[in-house]
Amino acid sequence: MEHIVLEYDKDTRTALVVATSGGREPVLSGHASPYIVADGYDFESRSWGAGHYFTDIAQAKIDYERSCRHAYPLAEGKLRDDEFCTIRWCREDIAEALSEYLTYPIPATEKNIDAAIGQLMFRDGLRDRSTEDGWETIGAIIDEDELDFGISSAQGVDFYKEAFDLSVRTDAVIWPSSEGGAAFVMAGPPDSEDGDLAVYKIDGGLIGDDEITVDDIERLGGTRMLCVYKHGPDGIEGIRDFANRMAIHRFRERVTVRDPFGDLPDLAPALRNAAAPARAAVQQPRDPQGIAAAALTAAEGGGKAVAEHGGNKH
């Protein structure tokens, strides 16, 4: 086997080697465990008697030091400089698990403990599962509200939280634009079912009296302001950037619209409320004669001239 000797102990003739390809790269394809603690290593033949195989160099190093009969205490439980917490499972822990934590107690014999450890370490099952469960535990302990969201306003934080909590595709959140006369809609876009997040902007003048679903917004002339895969790095940054960049100062006025049967809900009533000023202007056009008369009066020095913007011609 092509390999590189990383360390060698002449007293015990133990070597720490890594299987390679082309003399440089650790072999990961075809060799599930490229790091090897080789007992009885012979430099002349570049062979060894027996070996212990590892996928993790840190675990291989620990076994190498143990095989060389060197004390290898973990400095305050740390394997590497960037680690701050480690958990060490011992044989006595497995013995306790056999007697107390299975569906029914199993005798904690040496044979049973060895068999249980073999099951736990098969394909790194214990380490991988412990990591997954550890992430859930970390998430349950950390209080997000005590951390910096990197967002400039409280309403930006509210938007950020809502964006990641919008897991049901048929839910939508609507809030008025701070510019007035328009509404924002946050929902899953109609052209994706993979967790994408979209924010649309639609002017009040485009909102009629008919039913409107998310599928209708762009057809009516609404604009897609944001569309990102929310659980990827680009998505997270996109949502944060939108919260900082866009005027969401009225996000506290948001309304969540959902359909109890899981269908796309009718957004029209909430949109009409959010964009009421613009709709009123469209439905009640200004009187051109009144505007002209007011302008003429103003030009002649009439300081009290007022245009009736809400009236009709008669």
# chains A, B, ... in the order shown; residues from 1 in each chain; ligands from 1
$ select_by_dssp --residues "range 114-210 of chain A" --states "helix (DSSP H, G or I)" --output "ChimeraX atom specification"
/A:114-141,144-146,154-165,204-206
$ residues_around --residues "Ala60 in chain A" --least-positions-apart "5" --cutoff "9 Å" --atoms "only C-alpha atoms" --output "list in words"
Leu16, Tyr35, Ile36, Val37, His52, Tyr53, Phe54, Thr55 and Glu65 of chain A
$ atom_distance --atom1 "CA of Ala274 in chain A" --atom2 "CA of Pro176 in chain A"
4.7 Å
$ closest_atom_pairs --of "range 126-196 of chain A" --to "range 83-106 of chain A" --cutoff "12 Å" --atoms "only C-alpha atoms" --output "CSV"
residue,atom,partner,partner_atom,distance
A:Leu126,CA,A:Trp89,CA,10.0
A:Arg127,CA,A:Ile87,CA,10.0
A:Ser130,CA,A:Ile87,CA,9.4
A:Thr131,CA,A:Ile87,CA,10.5
A:Gly134,CA,A:Ile87,CA,10.6
A:Ile138,CA,A:Cys85,CA,11.9
$ write_last_selection --atoms "N, CA and C atoms" --output "compact mmCIF listing (two decimals), in the first residue's frame"
# COMPACT_ATOMS: atom_id res chain seq x y z
N LEU A 126 -21.75 6.37 16.50
CA LEU A 126 -21.87 7.10 17.76
C LEU A 126 -21.43 8.54 17.60
N ARG A 127 -20.30 8.76 16.92
CA ARG A 127 -19.79 10.12 16.78
C ARG A 127 -20.76 10.98 15.96
N SER A 130 -23.98 11.57 17.93
CA SER A 130 -23.73 12.49 19.04
C SER A 130 -23.62 13.92 18.55
N THR A 131 -22.99 14.10 17.38
CA THR A 131 -22.87 15.43 16.81
C THR A 131 -24.24 15.99 16.44
N GLY A 134 -26.06 16.79 19.46
CA GLY A 134 -25.43 17.94 20.09
C GLY A 134 -25.88 19.24 19.48
N ILE A 138 -27.47 22.30 21.45
CA ILE A 138 -26.92 23.66 21.36
C ILE A 138 -28.02 24.65 20.97
$ closest_residue --among "A:Val199, A:Met186, A:Ala108, A:Val157" --to "Val255 in chain A" --atoms "only C-alpha atoms"
A:Met186
$ residues_around --residues "Ser178 in chain A" --least-positions-apart "2" --cutoff "7 Å" --atoms "only C-alpha atoms" --output "PyMOL selection string"
chain A and resi 176+180+247-250
$ select_by_dssp --residues "range 30-279 of chain A" --states "strand (DSSP E)" --output "compact mmCIF listing (two decimals) with N, CA, C and O atoms, in the first residue's frame"
# COMPACT_ATOMS: atom_id res chain seq x y z
N TYR A 35 -5.94 6.62 7.81
CA TYR A 35 -4.92 6.82 8.85
C TYR A 35 -4.73 5.50 9.60
O TYR A 35 -5.68 4.91 10.12
N ILE A 36 -3.47 5.06 9.67
CA ILE A 36 -3.20 3.72 10.18
C ILE A 36 -2.14 3.79 11.26
O ILE A 36 -1.10 4.42 11.09
N VAL A 37 -2.41 3.13 12.40
CA VAL A 37 -1.40 2.91 13.44
C VAL A 37 -0.84 1.51 13.19
O VAL A 37 -1.53 0.51 13.39
N ALA A 38 0.41 1.46 12.68
CA ALA A 38 1.00 0.21 12.21
C ALA A 38 1.93 -0.37 13.28
O ALA A 38 2.92 0.27 13.66
N ASP A 39 1.61 -1.57 13.76
CA ASP A 39 2.44 -2.27 14.75
C ASP A 39 3.52 -3.08 14.02
O ASP A 39 3.25 -3.74 13.01
N ALA A 50 0.45 -5.67 12.05
CA ALA A 50 -0.97 -5.43 12.27
C ALA A 50 -1.22 -3.92 12.28
O ALA A 50 -0.30 -3.13 12.52
N GLY A 51 -2.46 -3.54 12.03
CA GLY A 51 -2.75 -2.11 12.00
C GLY A 51 -4.12 -1.78 12.54
O GLY A 51 -5.03 -2.61 12.51
N HIS A 52 -4.22 -0.59 13.08
CA HIS A 52 -5.51 -0.05 13.51
C HIS A 52 -5.86 1.08 12.54
O HIS A 52 -5.04 1.97 12.33
N TYR A 53 -7.06 1.06 12.00
CA TYR A 53 -7.44 1.96 10.90
C TYR A 53 -8.44 3.02 11.39
O TYR A 53 -9.38 2.71 12.13
N PHE A 54 -8.23 4.27 10.95
CA PHE A 54 -9.06 5.39 11.41
C PHE A 54 -9.41 6.31 10.24
O PHE A 54 -8.62 6.49 9.31
N ALA A 172 -48.64 33.35 4.03
CA ALA A 172 -48.09 34.59 3.47
C ALA A 172 -48.17 35.67 4.54
O ALA A 172 -49.06 35.66 5.38
N VAL A 173 -47.20 36.59 4.50
CA VAL A 173 -47.18 37.72 5.42
C VAL A 173 -47.26 38.99 4.60
O VAL A 173 -46.52 39.17 3.63
N ILE A 174 -48.17 39.89 4.98
CA ILE A 174 -48.41 41.12 4.22
C ILE A 174 -48.21 42.31 5.15
O ILE A 174 -48.65 42.28 6.31
N TRP A 175 -47.51 43.34 4.65
CA TRP A 175 -47.38 44.57 5.44
C TRP A 175 -47.29 45.76 4.48
O TRP A 175 -46.90 45.61 3.33
N PRO A 176 -47.69 46.94 4.93
CA PRO A 176 -47.71 48.11 4.04
C PRO A 176 -46.31 48.67 3.82
O PRO A 176 -45.45 48.60 4.70
N ALA A 182 -48.53 51.00 -1.39
CA ALA A 182 -48.08 49.71 -1.88
C ALA A 182 -48.02 48.74 -0.71
O ALA A 182 -48.06 49.14 0.46
N ALA A 183 -47.93 47.47 -1.05
CA ALA A 183 -47.86 46.45 -0.01
C ALA A 183 -46.77 45.45 -0.36
O ALA A 183 -46.47 45.21 -1.53
N PHE A 184 -46.15 44.88 0.67
CA PHE A 184 -45.20 43.80 0.52
C PHE A 184 -45.89 42.48 0.85
O PHE A 184 -46.74 42.42 1.74
N VAL A 185 -45.48 41.43 0.15
CA VAL A 185 -45.98 40.08 0.43
C VAL A 185 -44.78 39.16 0.56
O VAL A 185 -43.94 39.09 -0.35
N MET A 186 -44.68 38.46 1.68
CA MET A 186 -43.63 37.46 1.88
C MET A 186 -44.27 36.08 1.84
O MET A 186 -45.21 35.80 2.58
N ALA A 187 -43.77 35.23 0.94
CA ALA A 187 -44.38 33.91 0.77
C ALA A 187 -43.43 33.01 0.01
O ALA A 187 -42.38 33.44 -0.48
N ASP A 196 -37.80 27.88 -1.01
CA ASP A 196 -37.42 29.24 -1.39
C ASP A 196 -38.30 30.26 -0.68
O ASP A 196 -39.41 29.97 -0.27
N LEU A 197 -37.77 31.45 -0.55
CA LEU A 197 -38.50 32.55 0.07
C LEU A 197 -38.55 33.71 -0.90
O LEU A 197 -37.52 34.07 -1.47
N ALA A 198 -39.72 34.29 -1.11
CA ALA A 198 -39.85 35.43 -2.00
C ALA A 198 -40.54 36.57 -1.27
O ALA A 198 -41.37 36.35 -0.40
N VAL A 199 -40.15 37.80 -1.63
CA VAL A 199 -40.86 38.99 -1.17
C VAL A 199 -41.27 39.77 -2.41
O VAL A 199 -40.43 40.06 -3.27
N TYR A 200 -42.55 40.07 -2.50
CA TYR A 200 -43.10 40.81 -3.63
C TYR A 200 -43.54 42.20 -3.17
O TYR A 200 -43.90 42.39 -2.01
N LYS A 201 -43.54 43.14 -4.11
CA LYS A 201 -44.11 44.46 -3.86
C LYS A 201 -45.17 44.71 -4.92
O LYS A 201 -44.93 44.51 -6.11
N ILE A 202 -46.36 45.13 -4.48
CA ILE A 202 -47.45 45.37 -5.41
C ILE A 202 -48.11 46.71 -5.08
O ILE A 202 -48.41 46.99 -3.92
N ASP A 203 -48.24 47.55 -6.08
CA ASP A 203 -48.87 48.86 -5.90
C ASP A 203 -50.36 48.71 -5.68
O ASP A 203 -51.01 47.81 -6.25
N THR A 223 -43.82 43.14 -8.31
CA THR A 223 -42.39 42.93 -8.53
C THR A 223 -41.82 42.01 -7.48
O THR A 223 -42.10 42.16 -6.29
N ARG A 224 -41.02 41.06 -7.91
CA ARG A 224 -40.34 40.17 -6.96
C ARG A 224 -39.08 40.87 -6.48
O ARG A 224 -38.12 41.04 -7.22
N MET A 225 -39.08 41.27 -5.22
CA MET A 225 -37.97 42.03 -4.65
C MET A 225 -36.85 41.14 -4.12
O MET A 225 -35.70 41.53 -4.06
N LEU A 226 -37.21 39.93 -3.69
CA LEU A 226 -36.25 39.04 -3.04
C LEU A 226 -36.67 37.61 -3.33
O LEU A 226 -37.84 37.28 -3.25
N CYS A 227 -35.71 36.77 -3.68
CA CYS A 227 -35.99 35.35 -3.83
C CYS A 227 -34.70 34.59 -3.56
O CYS A 227 -33.76 34.68 -4.34
N VAL A 228 -34.65 33.89 -2.45
CA VAL A 228 -33.43 33.21 -2.05
C VAL A 228 -33.79 31.86 -1.44
O VAL A 228 -34.89 31.66 -0.95
N TYR A 229 -32.82 30.95 -1.51
CA TYR A 229 -32.96 29.71 -0.77
C TYR A 229 -32.57 30.00 0.67
O TYR A 229 -31.42 30.25 0.98
N VAL A 255 -49.66 41.23 8.69
CA VAL A 255 -50.78 40.31 8.87
C VAL A 255 -50.40 38.99 8.22
O VAL A 255 -49.93 38.97 7.08
N THR A 256 -50.59 37.91 8.93
CA THR A 256 -50.34 36.58 8.37
C THR A 256 -51.63 36.03 7.79
O THR A 256 -52.66 36.04 8.46
N VAL A 257 -51.55 35.58 6.55
CA VAL A 257 -52.72 35.03 5.87
C VAL A 257 -52.45 33.56 5.59
O VAL A 257 -51.43 33.21 5.00
$ atom_distance --atom1 "CA of Arg245 in chain A" --atom2 "CA of Ala163 in chain A"
15.4 Å
$ residues_around --residues "Leu206 in chain A" --least-positions-apart "4" --cutoff "9 Å" --atoms "only C-alpha atoms" --output "PyMOL selection string"
chain A and resi 202+220-222+279
$ write_last_selection --atoms "N, CA and C atoms" --output "PDB file, in the first residue's frame"
ATOM      1  N   ILE A 202     -46.363  45.130  -4.484  1.00  0.00           N
ATOM      2  CA  ILE A 202     -47.446  45.372  -5.415  1.00  0.00           C
ATOM      3  C   ILE A 202     -48.107  46.712  -5.085  1.00  0.00           C
ATOM      4  N   LEU A 220     -50.246  40.350 -12.184  1.00  0.00           N
ATOM      5  CA  LEU A 220     -50.933  41.636 -12.051  1.00  0.00           C
ATOM      6  C   LEU A 220     -49.982  42.829 -12.184  1.00  0.00           C
ATOM      7  N   GLY A 221     -48.686  42.565 -12.160  1.00  0.00           N
ATOM      8  CA  GLY A 221     -47.721  43.658 -12.281  1.00  0.00           C
ATOM      9  C   GLY A 221     -46.879  43.865 -11.041  1.00  0.00           C
ATOM     10  N   GLY A 222     -47.021  42.990 -10.056  1.00  0.00           N
ATOM     11  CA  GLY A 222     -46.184  43.082  -8.868  1.00  0.00           C
ATOM     12  C   GLY A 222     -44.739  42.712  -9.177  1.00  0.00           C
ATOM     13  N   ARG A 279     -55.361  52.719  -3.357  1.00  0.00           N
ATOM     14  CA  ARG A 279     -56.613  52.234  -3.940  1.00  0.00           C
ATOM     15  C   ARG A 279     -57.665  53.332  -3.935  1.00  0.00           C
TER      16      ARG A 279
END
$ closest_residue --among "A:Asp42, A:Glu253, A:Asp56, A:Asp263" --to "Ala275 in chain A" --atoms "only C-alpha atoms"
A:Glu253
$ residues_around --residues "His3 in chain A" --least-positions-apart "2" --cutoff "7 Å" --atoms "only C-alpha atoms" --output "ChimeraX atom specification"
/A:1,5,17-20
$ write_last_selection --atoms "N, CA, C and O atoms" --output "PDB file, in the first residue's frame"
ATOM      1  N   MET A   1       0.846  -1.194   0.000  1.00  0.00           N
ATOM      2  CA  MET A   1       0.000   0.000   0.000  1.00  0.00           C
ATOM      3  C   MET A   1       0.886   1.250   0.000  1.00  0.00           C
ATOM      4  O   MET A   1       1.803   1.381   0.809  1.00  0.00           O
ATOM      5  N   VAL A   5       4.895   7.840   6.142  1.00  0.00           N
ATOM      6  CA  VAL A   5       5.062   7.685   7.588  1.00  0.00           C
ATOM      7  C   VAL A   5       5.022   9.069   8.224  1.00  0.00           C
ATOM      8  O   VAL A   5       5.867   9.921   7.937  1.00  0.00           O
ATOM      9  N   VAL A  17       0.897   6.109   9.980  1.00  0.00           N
ATOM     10  CA  VAL A  17       1.033   6.311   8.546  1.00  0.00           C
ATOM     11  C   VAL A  17      -0.318   6.738   7.948  1.00  0.00           C
ATOM     12  O   VAL A  17      -1.370   6.543   8.551  1.00  0.00           O
ATOM     13  N   VAL A  18      -0.228   7.308   6.750  1.00  0.00           N
ATOM     14  CA  VAL A  18      -1.445   7.680   6.021  1.00  0.00           C
ATOM     15  C   VAL A  18      -1.343   7.112   4.617  1.00  0.00           C
ATOM     16  O   VAL A  18      -0.326   7.271   3.935  1.00  0.00           O
ATOM     17  N   ALA A  19      -2.362   6.376   4.207  1.00  0.00           N
ATOM     18  CA  ALA A  19      -2.405   5.852   2.848  1.00  0.00           C
ATOM     19  C   ALA A  19      -2.561   7.011   1.869  1.00  0.00           C
ATOM     20  O   ALA A  19      -3.309   7.959   2.122  1.00  0.00           O
ATOM     21  N   THR A  20      -1.823   6.951   0.748  1.00  0.00           N
ATOM     22  CA  THR A  20      -1.805   8.093  -0.179  1.00  0.00           C
ATOM     23  C   THR A  20      -2.094   7.646  -1.600  1.00  0.00           C
ATOM     24  O   THR A  20      -2.059   6.454  -1.936  1.00  0.00           O
TER      25      THR A  20
END
$ atom_distance --atom1 "CA of Val214 in chain A" --atom2 "CA of Pro265 in chain A"
8.1 Å
